[in-house]
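**Student:** One structure, as structure tokens, below. Some questions next.
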Amino acid sequence: MAADTPPETTPRAATATVTATAAPADPGATTVTAAPTAPAGTLKPDAIGFLDALAIGLNATSPAYSLAAVIGPLVALVGVHAPGVMLASFVPMLLIASAFHFLNRADPDCGTTFSWVTRALGPTTGWLGGWAIAMTGVLVVGSLADVAVGFGLLAVGADGLAEDPWVREALTVALILLMSWLCVRGTEVSARVQNVLVLLQVVCLVVFAAVAVHRVYAGTGSLDAVRPSVDWLDPFGAGGSALTGGLLLGVFAYWGWESAVNLTEETKDSANAPGRAGIWSTVVLLVTYLAVAFAVVAYAGTAYLAGQADAEEDVFAALAREVLGAWDWVLLLAVATSALASTQTTIIPASRTALSMARRRALPAAFARVDARRGTPGTGTWWVAAAATVWYVVIHRISENALADSLTALSLLIAFYYALTGIACAVWYRRRLLRGPGPFLLLGAGPLLGSALLLWLLVESVADMADPGNASSATAWFGLGAPLVIALFLTGAGVVLMLVRRATSGAFWRERPGVAPEVP
């Protein structure tokens, strides 16, 4: 085993009990005894390259849809400082992306957070991290498909069909199944689709932002235009409480880039390319979000956007008509392709995490099945699709607010497992942190700072959502904000399932944390 390979990183599909030790040259490393892995196939290696992973990481965040969903509520909270909050939200994302990069170099496992947290902090914490990732896919896939259908129909002028709830629901379910089928067909097929969709999406957003800024300076806007200012980059301009809510929206907007890392076992140069793709995804997102946020706030003004806060992503449909007139389909197409692409890529982390968990006996062996010809986790993919479809249909029948509350609950789960990953990085490399400023900053201080920011945001958000009278928790269930109830329900369900799995098959819980053998 190479000196920079941590315990039991290869092979992934082994069926025997594996015991591995760090390289003898490193007296600080510990021995890790892994649980027997379930019989499983192997994901197709070298199926995609760095650019493919970058495209998937970008599309998983759904830039156009994310901007459409958060810009109204964000401006309602922080006014013209929305670009500054997007900039501030980038900081913990970059730090956690760095943690993903270095942990992936040591352990290129498609389960990412689940595998790393298990090895660093123990199986129970790792299981909960894996469960959080799986549930984010279940919560958001239906919403993304719904947006793709709605904006797609608007883009082609089928406004009547877009407003018909039965047609929209049927098409949404069909789209979830179609995107799942594409995921099962092969990673190369998914990558080709994603390359086209990300290019189309970015071009449409650039056109929209350029036209909006031009009309602001030309004085031809139809709304209350405001000249952009560097002061808008100050995230603290609106005060502390507003910043907390704004940062939570920012975390949601950036979430998804780690899909590139979930494909590590299927990517060329798996130890480096996926992590670099994740980091570069956050950088590209920052530039995109700042450009579009400046353009939208400058063109529409804060009063208009704050008034559209409850409309969520529909604000972009209104802005498309205001800015582009008869060419409004350009922005509508951007949001539709964004949500369409993310519907597919959001399935990837959940299905790969389920695969990794099953290989370690943390889930039933069925989830570890990989199509022998295509090299994709078919069973896990279809389970994610089925769970996401059921969640979407049930929540959609309750109310549109329930669907929006699901997305708010999603942010809590994201903050949780991102924070776990940052902590795991520092713990995994704890015996390397004092070997120089590089290891200290990149492997310890940076990830821990990112985790601290996310945990602070998580605690503040839970406290805010505990009061249903707050704006972020306008819907009350059982005396609490609906998003908090949803998050608590999913967490409780995860704990129950974990205990049941531990009682029926406790092999996974016999694993013990280890230490990385060498600084990457």
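So you can find residues: chains in the structure tokens are A, B, ... in the order shown, residues in each start at 1, and ligands are numbered from 1 in order.
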Using only C-alpha atoms, find each residue of segment 175-228 of chain A with at least one atom at most 10 Å away from an atom of segment 383-401 of chain A; report its shortest atom-to-atom pair and that distance in Å (one decimal), sort the rows by chain and rising residue number, and return the result as CSV.

**Tutor:**
residue,atom,partner,partner_atom,distance
A:Ile176,CA,A:Ala385,CA,6.6
A:Leu177,CA,A:Ala385,CA,6.7
A:Leu178,CA,A:Ala385,CA,9.8
A:Met179,CA,A:Ala385,CA,8.9
A:Ser180,CA,A:Ala385,CA,6.4
A:Trp181,CA,A:Ala385,CA,9.5

**Student:** Let's have the selection written as an mmCIF file, in the first residue's frame, with N, CA and C atoms.

**Tutor:**
data_model
loop_
_atom_site.group_PDB
_atom_site.id
_atom_site.type_symbol
_atom_site.label_atom_id
_atom_site.label_comp_id
_atom_site.auth_asym_id
_atom_site.auth_seq_id
_atom_site.Cartn_x
_atom_site.Cartn_y
_atom_site.Cartn_z
ATOM 1 N N ILE A 176 -38.475 13.166 -13.171
ATOM 2 C CA ILE A 176 -37.634 12.506 -12.170
ATOM 3 C C ILE A 176 -37.226 11.122 -12.659
ATOM 4 N N LEU A 177 -38.182 10.390 -13.218
ATOM 5 C CA LEU A 177 -37.897 9.045 -13.713
ATOM 6 C C LEU A 177 -36.943 9.088 -14.908
ATOM 7 N N LEU A 178 -37.125 10.075 -15.787
ATOM 8 C CA LEU A 178 -36.245 10.206 -16.951
ATOM 9 C C LEU A 178 -34.814 10.513 -16.531
ATOM 10 N N MET A 179 -34.632 11.451 -15.612
ATOM 11 C CA MET A 179 -33.291 11.807 -15.161
ATOM 12 C C MET A 179 -32.629 10.643 -14.413
ATOM 13 N N SER A 180 -33.420 9.891 -13.670
ATOM 14 C CA SER A 180 -32.882 8.716 -12.981
ATOM 15 C C SER A 180 -32.422 7.673 -13.987
ATOM 16 N N TRP A 181 -33.205 7.504 -15.034
ATOM 17 C CA TRP A 181 -32.838 6.553 -16.081
ATOM 18 C C TRP A 181 -31.527 6.949 -16.742
#

**Student:** Kindly provide the residues of segment 232-346 of chain A that approach segment 156-174 of chain A to within 10 Å, each paired with its closest atom pair and their distance in Å to one decimal, based on only C-alpha atoms, listed by chain and increasing number, as CSV.

**Tutor:**
residue,atom,partner,partner_atom,distance
A:Trp329,CA,A:Val156,CA,7.4
A:Leu332,CA,A:Val156,CA,9.1
A:Leu333,CA,A:Val156,CA,8.9

**Student:** Restricting it to N, CA, C and O atoms, dump the selection as a PDB file, in the first residue's frame.

**Tutor:**
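This is the output file part-v3.pdb:
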ATOM      1  N   TRP A 329     -37.867  34.349 -22.986  1.00  0.00           N
ATOM      2  CA  TRP A 329     -37.633  32.902 -22.978  1.00  0.00           C
ATOM      3  C   TRP A 329     -36.174  32.557 -22.710  1.00  0.00           C
ATOM      4  O   TRP A 329     -35.865  31.442 -22.279  1.00  0.00           O
ATOM      5  N   LEU A 332     -35.999  32.292 -18.971  1.00  0.00           N
ATOM      6  CA  LEU A 332     -36.832  31.149 -18.595  1.00  0.00           C
ATOM      7  C   LEU A 332     -36.139  29.838 -18.952  1.00  0.00           C
ATOM      8  O   LEU A 332     -36.176  28.865 -18.184  1.00  0.00           O
ATOM      9  N   LEU A 333     -35.492  29.827 -20.104  1.00  0.00           N
ATOM     10  CA  LEU A 333     -34.754  28.636 -20.526  1.00  0.00           C
ATOM     11  C   LEU A 333     -33.571  28.372 -19.601  1.00  0.00           C
ATOM     12  O   LEU A 333     -33.252  27.214 -19.294  1.00  0.00           O
TER      13      LEU A 333
END

**Student:** Show me, as a list in words, the residues that have an atom within 8 Å of Ala409 of chain A when counting only C-alpha atoms, minus same-chain residues fewer than 4 positions from it.

**Tutor:**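 Within the cut-off, the hits are Asp405, Leu413, Pro483, Leu484, Ile486 and Ala487 of chain A.
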
**Student:** Pick out the closest residue to Asp146 of chain A from this set: A:Ser338, A:Thr376, A:Ser259, A:Gln194. Count only C-alpha atoms.

**Tutor:**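 Looking only at the distances to Asp146 of chain A, the closest residue turns out to be A:Ser338.
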
**Student:** So, with only C-alpha atoms as the atoms that count, which of A:Leu355, A:Val230, A:Leu77, A:Ile279 lies closest to Ser115 of chain A?

**Tutor:** A:Leu355

**Student:** Kindly indicate which residue among A:Leu410, A:Leu223, A:Cys425, A:Val261 lies nearest to Ser451 of chain A, using only C-alpha atoms for the distances.

**Tutor:** A:Cys425

**Student:** If we count only C-alpha atoms and set the cut-off at 10 Å, which residues sit around Gly446 of chain A, ignoring sequence neighbours fewer than 5 positions away in its own chain? Please answer as a ChimeraX atom specification.

**Tutor:** /A:91-92,94-96,98-99,422,425-426,439-441,451-452

**Student:** Using only C-alpha atoms, which residues sit within 8 Å of Tyr254 of chain A once same-chain residues fewer than 5 positions away are excluded, as a ChimeraX atom specification?

**Tutor:** /A:61,89-90,93,282,285

**Student:** Between atom CA of Gly256 of chain A and atom CA of Pro63 of chain A, what is the spacing in Å?

**Tutor:**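 It comes out at 9.9 Å.
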
**Student:** Please determine, counting only C-alpha atoms, which residue among A:Ala120, A:Ala365, A:Ala415, A:Ala300 has the shortest atom-to-atom distance to Ser505 of chain A.

**Tutor:**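 Under the stated criterion, the closest residue is A:Ala365.
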
**Student:** Can you pull out the residues contacting Leu420 of chain A? Cut-off 12 Å, using only C-alpha atoms, and skip same-chain residues under 3 positions away; I want them as a PDB file with N, CA, C and O atoms, in the first residue's frame.

**Tutor:**
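Saved result, around-v7.pdb, follows:
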ATOM      1  N   ILE A  96     -14.731  24.504   3.161  1.00  0.00           N
ATOM      2  CA  ILE A  96     -15.205  23.120   3.191  1.00  0.00           C
ATOM      3  C   ILE A  96     -14.838  22.408   1.890  1.00  0.00           C
ATOM      4  O   ILE A  96     -14.499  21.209   1.895  1.00  0.00           O
ATOM      5  N   ALA A  99     -11.492  21.146   2.346  1.00  0.00           N
ATOM      6  CA  ALA A  99     -11.501  19.927   3.159  1.00  0.00           C
ATOM      7  C   ALA A  99     -11.878  18.714   2.314  1.00  0.00           C
ATOM      8  O   ALA A  99     -11.269  17.644   2.427  1.00  0.00           O
ATOM      9  N   PHE A 100     -12.876  18.863   1.443  1.00  0.00           N
ATOM     10  CA  PHE A 100     -13.260  17.778   0.540  1.00  0.00           C
ATOM     11  C   PHE A 100     -12.073  17.371  -0.328  1.00  0.00           C
ATOM     12  O   PHE A 100     -11.835  16.182  -0.558  1.00  0.00           O
ATOM     13  N   THR A 112     -17.865  10.005   0.153  1.00  0.00           N
ATOM     14  CA  THR A 112     -17.333  11.292   0.643  1.00  0.00           C
ATOM     15  C   THR A 112     -17.551  11.452   2.153  1.00  0.00           C
ATOM     16  O   THR A 112     -16.907  10.783   2.937  1.00  0.00           O
ATOM     17  N   THR A 113     -18.423  12.354   2.559  1.00  0.00           N
ATOM     18  CA  THR A 113     -18.596  12.673   3.975  1.00  0.00           C
ATOM     19  C   THR A 113     -18.819  11.430   4.825  1.00  0.00           C
ATOM     20  O   THR A 113     -18.240  11.296   5.907  1.00  0.00           O
ATOM     21  N   PHE A 114     -19.658  10.520   4.361  1.00  0.00           N
ATOM     22  CA  PHE A 114     -19.916   9.299   5.124  1.00  0.00           C
ATOM     23  C   PHE A 114     -18.616   8.548   5.416  1.00  0.00           C
ATOM     24  O   PHE A 114     -18.340   8.178   6.559  1.00  0.00           O
ATOM     25  N   SER A 115     -17.825   8.309   4.398  1.00  0.00           N
ATOM     26  CA  SER A 115     -16.593   7.540   4.570  1.00  0.00           C
ATOM     27  C   SER A 115     -15.588   8.285   5.437  1.00  0.00           C
ATOM     28  O   SER A 115     -15.006   7.723   6.368  1.00  0.00           O
ATOM     29  N   TRP A 116     -15.388   9.575   5.153  1.00  0.00           N
ATOM     30  CA  TRP A 116     -14.370  10.344   5.860  1.00  0.00           C
ATOM     31  C   TRP A 116     -14.727  10.539   7.327  1.00  0.00           C
ATOM     32  O   TRP A 116     -13.872  10.423   8.209  1.00  0.00           O
ATOM     33  N   VAL A 117     -15.976  10.868   7.599  1.00  0.00           N
ATOM     34  CA  VAL A 117     -16.391  11.091   8.988  1.00  0.00           C
ATOM     35  C   VAL A 117     -16.341   9.781   9.757  1.00  0.00           C
ATOM     36  O   VAL A 117     -15.961   9.755  10.941  1.00  0.00           O
ATOM     37  N   THR A 118     -16.699   8.684   9.116  1.00  0.00           N
ATOM     38  CA  THR A 118     -16.604   7.382   9.772  1.00  0.00           C
ATOM     39  C   THR A 118     -15.172   7.094  10.179  1.00  0.00           C
ATOM     40  O   THR A 118     -14.894   6.658  11.305  1.00  0.00           O
ATOM     41  N   ALA A 120     -12.715   9.212  10.633  1.00  0.00           N
ATOM     42  CA  ALA A 120     -12.137  10.200  11.544  1.00  0.00           C
ATOM     43  C   ALA A 120     -12.855  10.266  12.892  1.00  0.00           C
ATOM     44  O   ALA A 120     -12.214  10.412  13.932  1.00  0.00           O
ATOM     45  N   LEU A 121     -14.186  10.188  12.875  1.00  0.00           N
ATOM     46  CA  LEU A 121     -14.981  10.421  14.079  1.00  0.00           C
ATOM     47  C   LEU A 121     -15.743   9.207  14.565  1.00  0.00           C
ATOM     48  O   LEU A 121     -16.319   9.240  15.656  1.00  0.00           O
ATOM     49  N   GLY A 122     -15.793   8.150  13.765  1.00  0.00           N
ATOM     50  CA  GLY A 122     -16.482   6.950  14.207  1.00  0.00           C
ATOM     51  C   GLY A 122     -17.720   6.654  13.388  1.00  0.00           C
ATOM     52  O   GLY A 122     -18.262   7.520  12.689  1.00  0.00           O
ATOM     53  N   THR A 125     -21.379   8.746  13.928  1.00  0.00           N
ATOM     54  CA  THR A 125     -21.365  10.089  13.332  1.00  0.00           C
ATOM     55  C   THR A 125     -21.301   9.996  11.814  1.00  0.00           C
ATOM     56  O   THR A 125     -21.968  10.753  11.106  1.00  0.00           O
ATOM     57  N   GLY A 126     -20.512   9.048  11.298  1.00  0.00           N
ATOM     58  CA  GLY A 126     -20.436   8.866   9.850  1.00  0.00           C
ATOM     59  C   GLY A 126     -21.764   8.454   9.254  1.00  0.00           C
ATOM     60  O   GLY A 126     -22.157   8.938   8.190  1.00  0.00           O
ATOM     61  N   TRP A 127     -22.484   7.565   9.937  1.00  0.00           N
ATOM     62  CA  TRP A 127     -23.787   7.122   9.435  1.00  0.00           C
ATOM     63  C   TRP A 127     -24.756   8.303   9.345  1.00  0.00           C
ATOM     64  O   TRP A 127     -25.467   8.456   8.342  1.00  0.00           O
ATOM     65  N   LEU A 128     -24.769   9.137  10.368  1.00  0.00           N
ATOM     66  CA  LEU A 128     -25.673  10.294  10.360  1.00  0.00           C
ATOM     67  C   LEU A 128     -25.299  11.279   9.250  1.00  0.00           C
ATOM     68  O   LEU A 128     -26.172  11.883   8.621  1.00  0.00           O
ATOM     69  N   GLY A 129     -23.993  11.443   9.001  1.00  0.00           N
ATOM     70  CA  GLY A 129     -23.579  12.294   7.895  1.00  0.00           C
ATOM     71  C   GLY A 129     -24.034  11.741   6.562  1.00  0.00           C
ATOM     72  O   GLY A 129     -24.513  12.485   5.697  1.00  0.00           O
ATOM     73  N   GLY A 130     -23.895  10.426   6.372  1.00  0.00           N
ATOM     74  CA  GLY A 130     -24.369   9.803   5.141  1.00  0.00           C
ATOM     75  C   GLY A 130     -25.875   9.913   4.974  1.00  0.00           C
ATOM     76  O   GLY A 130     -26.374  10.174   3.877  1.00  0.00           O
ATOM     77  N   ALA A 132     -27.760  12.300   6.149  1.00  0.00           N
ATOM     78  CA  ALA A 132     -28.075  13.695   5.804  1.00  0.00           C
ATOM     79  C   ALA A 132     -27.906  13.936   4.307  1.00  0.00           C
ATOM     80  O   ALA A 132     -28.738  14.602   3.676  1.00  0.00           O
ATOM     81  N   ILE A 133     -26.829  13.388   3.722  1.00  0.00           N
ATOM     82  CA  ILE A 133     -26.618  13.550   2.284  1.00  0.00           C
ATOM     83  C   ILE A 133     -27.744  12.899   1.496  1.00  0.00           C
ATOM     84  O   ILE A 133     -28.287  13.485   0.549  1.00  0.00           O
ATOM     85  N   LEU A 413     -29.742  20.509   6.915  1.00  0.00           N
ATOM     86  CA  LEU A 413     -29.008  19.263   6.675  1.00  0.00           C
ATOM     87  C   LEU A 413     -27.680  19.538   5.978  1.00  0.00           C
ATOM     88  O   LEU A 413     -26.657  18.902   6.275  1.00  0.00           O
ATOM     89  N   ILE A 414     -27.688  20.488   5.034  1.00  0.00           N
ATOM     90  CA  ILE A 414     -26.458  20.842   4.326  1.00  0.00           C
ATOM     91  C   ILE A 414     -25.409  21.365   5.306  1.00  0.00           C
ATOM     92  O   ILE A 414     -24.249  20.937   5.301  1.00  0.00           O
ATOM     93  N   ALA A 415     -25.820  22.323   6.149  1.00  0.00           N
ATOM     94  CA  ALA A 415     -24.892  22.895   7.125  1.00  0.00           C
ATOM     95  C   ALA A 415     -24.334  21.814   8.047  1.00  0.00           C
ATOM     96  O   ALA A 415     -23.153  21.833   8.411  1.00  0.00           O
ATOM     97  N   PHE A 416     -25.180  20.838   8.394  1.00  0.00           N
ATOM     98  CA  PHE A 416     -24.767  19.767   9.295  1.00  0.00           C
ATOM     99  C   PHE A 416     -23.660  18.910   8.679  1.00  0.00           C
ATOM    100  O   PHE A 416     -22.593  18.721   9.278  1.00  0.00           O
ATOM    101  N   TYR A 417     -23.878  18.383   7.489  1.00  0.00           N
ATOM    102  CA  TYR A 417     -22.870  17.456   6.973  1.00  0.00           C
ATOM    103  C   TYR A 417     -21.647  18.171   6.403  1.00  0.00           C
ATOM    104  O   TYR A 417     -20.541  17.612   6.404  1.00  0.00           O
ATOM    105  N   ILE A 423     -14.726  19.228  10.277  1.00  0.00           N
ATOM    106  CA  ILE A 423     -14.189  18.692  11.529  1.00  0.00           C
ATOM    107  C   ILE A 423     -13.406  17.406  11.256  1.00  0.00           C
ATOM    108  O   ILE A 423     -12.321  17.187  11.808  1.00  0.00           O
ATOM    109  N   ALA A 424     -13.959  16.554  10.403  1.00  0.00           N
ATOM    110  CA  ALA A 424     -13.292  15.286  10.080  1.00  0.00           C
ATOM    111  C   ALA A 424     -11.916  15.518   9.470  1.00  0.00           C
ATOM    112  O   ALA A 424     -10.967  14.784   9.750  1.00  0.00           O
ATOM    113  N   CYS A 425     -11.790  16.559   8.635  1.00  0.00           N
ATOM    114  CA  CYS A 425     -10.504  16.855   8.014  1.00  0.00           C
ATOM    115  C   CYS A 425      -9.465  17.196   9.071  1.00  0.00           C
ATOM    116  O   CYS A 425      -8.343  16.673   9.049  1.00  0.00           O
ATOM    117  N   ALA A 426      -9.830  18.063  10.014  1.00  0.00           N
ATOM    118  CA  ALA A 426      -8.879  18.459  11.058  1.00  0.00           C
ATOM    119  C   ALA A 426      -8.524  17.284  11.962  1.00  0.00           C
ATOM    120  O   ALA A 426      -7.365  17.119  12.361  1.00  0.00           O
ATOM    121  N   VAL A 427      -9.509  16.452  12.281  1.00  0.00           N
ATOM    122  CA  VAL A 427      -9.254  15.301  13.155  1.00  0.00           C
ATOM    123  C   VAL A 427      -8.403  14.262  12.429  1.00  0.00           C
ATOM    124  O   VAL A 427      -7.470  13.688  12.995  1.00  0.00           O
ATOM    125  N   TRP A 428      -8.741  14.012  11.166  1.00  0.00           N
ATOM    126  CA  TRP A 428      -8.011  13.004  10.384  1.00  0.00           C
ATOM    127  C   TRP A 428      -6.522  13.341  10.294  1.00  0.00           C
ATOM    128  O   TRP A 428      -5.655  12.480  10.406  1.00  0.00           O
ATOM    129  N   PRO A 447     -10.548  24.307   7.497  1.00  0.00           N
ATOM    130  CA  PRO A 447     -11.747  23.481   7.637  1.00  0.00           C
ATOM    131  C   PRO A 447     -12.500  23.717   8.945  1.00  0.00           C
ATOM    132  O   PRO A 447     -13.735  23.730   8.962  1.00  0.00           O
ATOM    133  N   LEU A 448     -11.766  23.907  10.055  1.00  0.00           N
ATOM    134  CA  LEU A 448     -12.441  24.145  11.330  1.00  0.00           C
ATOM    135  C   LEU A 448     -13.170  25.478  11.338  1.00  0.00           C
ATOM    136  O   LEU A 448     -14.268  25.597  11.909  1.00  0.00           O
ATOM    137  N   LEU A 449     -12.578  26.494  10.723  1.00  0.00           N
ATOM    138  CA  LEU A 449     -13.253  27.792  10.633  1.00  0.00           C
ATOM    139  C   LEU A 449     -14.533  27.660   9.801  1.00  0.00           C
ATOM    140  O   LEU A 449     -15.588  28.189  10.191  1.00  0.00           O
ATOM    141  N   GLY A 450     -14.440  26.949   8.667  1.00  0.00           N
ATOM    142  CA  GLY A 450     -15.636  26.726   7.857  1.00  0.00           C
ATOM    143  C   GLY A 450     -16.701  25.982   8.638  1.00  0.00           C
ATOM    144  O   GLY A 450     -17.900  26.331   8.587  1.00  0.00           O
ATOM    145  N   SER A 451     -16.302  24.963   9.401  1.00  0.00           N
ATOM    146  CA  SER A 451     -17.257  24.204  10.212  1.00  0.00           C
ATOM    147  C   SER A 451     -17.866  25.072  11.305  1.00  0.00           C
ATOM    148  O   SER A 451     -19.070  24.983  11.578  1.00  0.00           O
ATOM    149  N   ALA A 452     -17.033  25.911  11.944  1.00  0.00           N
ATOM    150  CA  ALA A 452     -17.538  26.780  13.011  1.00  0.00           C
ATOM    151  C   ALA A 452     -18.583  27.748  12.476  1.00  0.00           C
ATOM    152  O   ALA A 452     -19.629  27.973  13.105  1.00  0.00           O
ATOM    153  N   LEU A 453     -18.329  28.318  11.310  1.00  0.00           N
ATOM    154  CA  LEU A 453     -19.293  29.234  10.703  1.00  0.00           C
ATOM    155  C   LEU A 453     -20.607  28.518  10.388  1.00  0.00           C
ATOM    156  O   LEU A 453     -21.697  29.054  10.630  1.00  0.00           O
ATOM    157  N   LEU A 454     -20.502  27.307   9.865  1.00  0.00           N
ATOM    158  CA  LEU A 454     -21.711  26.567   9.512  1.00  0.00           C
ATOM    159  C   LEU A 454     -22.470  26.106  10.755  1.00  0.00           C
ATOM    160  O   LEU A 454     -23.716  26.114  10.768  1.00  0.00           O
ATOM    161  N   LEU A 455     -21.758  25.706  11.804  1.00  0.00           N
ATOM    162  CA  LEU A 455     -22.427  25.302  13.031  1.00  0.00           C
ATOM    163  C   LEU A 455     -23.108  26.492  13.709  1.00  0.00           C
ATOM    164  O   LEU A 455     -24.213  26.366  14.254  1.00  0.00           O
TER     165      LEU A 455
END

**Student:** Write out as an MDAnalysis selection string the residues lying within 7 Å of Val335 of chain A, counting only C-alpha atoms and excluding same-chain residues fewer than 6 positions away.

**Tutor:** chainID A and resid 64:65 151

**Student:** Would you mind exporting N, CA and C atoms of the selected residues as a short mmCIF file (atom, residue, chain, number, x, y, z; two decimals), in the first residue's frame?

**Tutor:**
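Wrote out.cif, looks like this:
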data_model
loop_
_atom_site.label_atom_id
_atom_site.label_comp_id
_atom_site.auth_asym_id
_atom_site.auth_seq_id
_atom_site.Cartn_x
_atom_site.Cartn_y
_atom_site.Cartn_z
N ALA A 64 -28.83 29.07 -11.97
CA ALA A 64 -29.95 29.93 -12.34
C ALA A 64 -31.14 29.71 -11.41
N TYR A 65 -31.45 28.45 -11.13
CA TYR A 65 -32.56 28.16 -10.22
C TYR A 65 -32.26 28.68 -8.82
N PHE A 151 -40.86 26.20 -15.67
CA PHE A 151 -40.16 27.19 -16.50
C PHE A 151 -40.01 26.72 -17.94
#
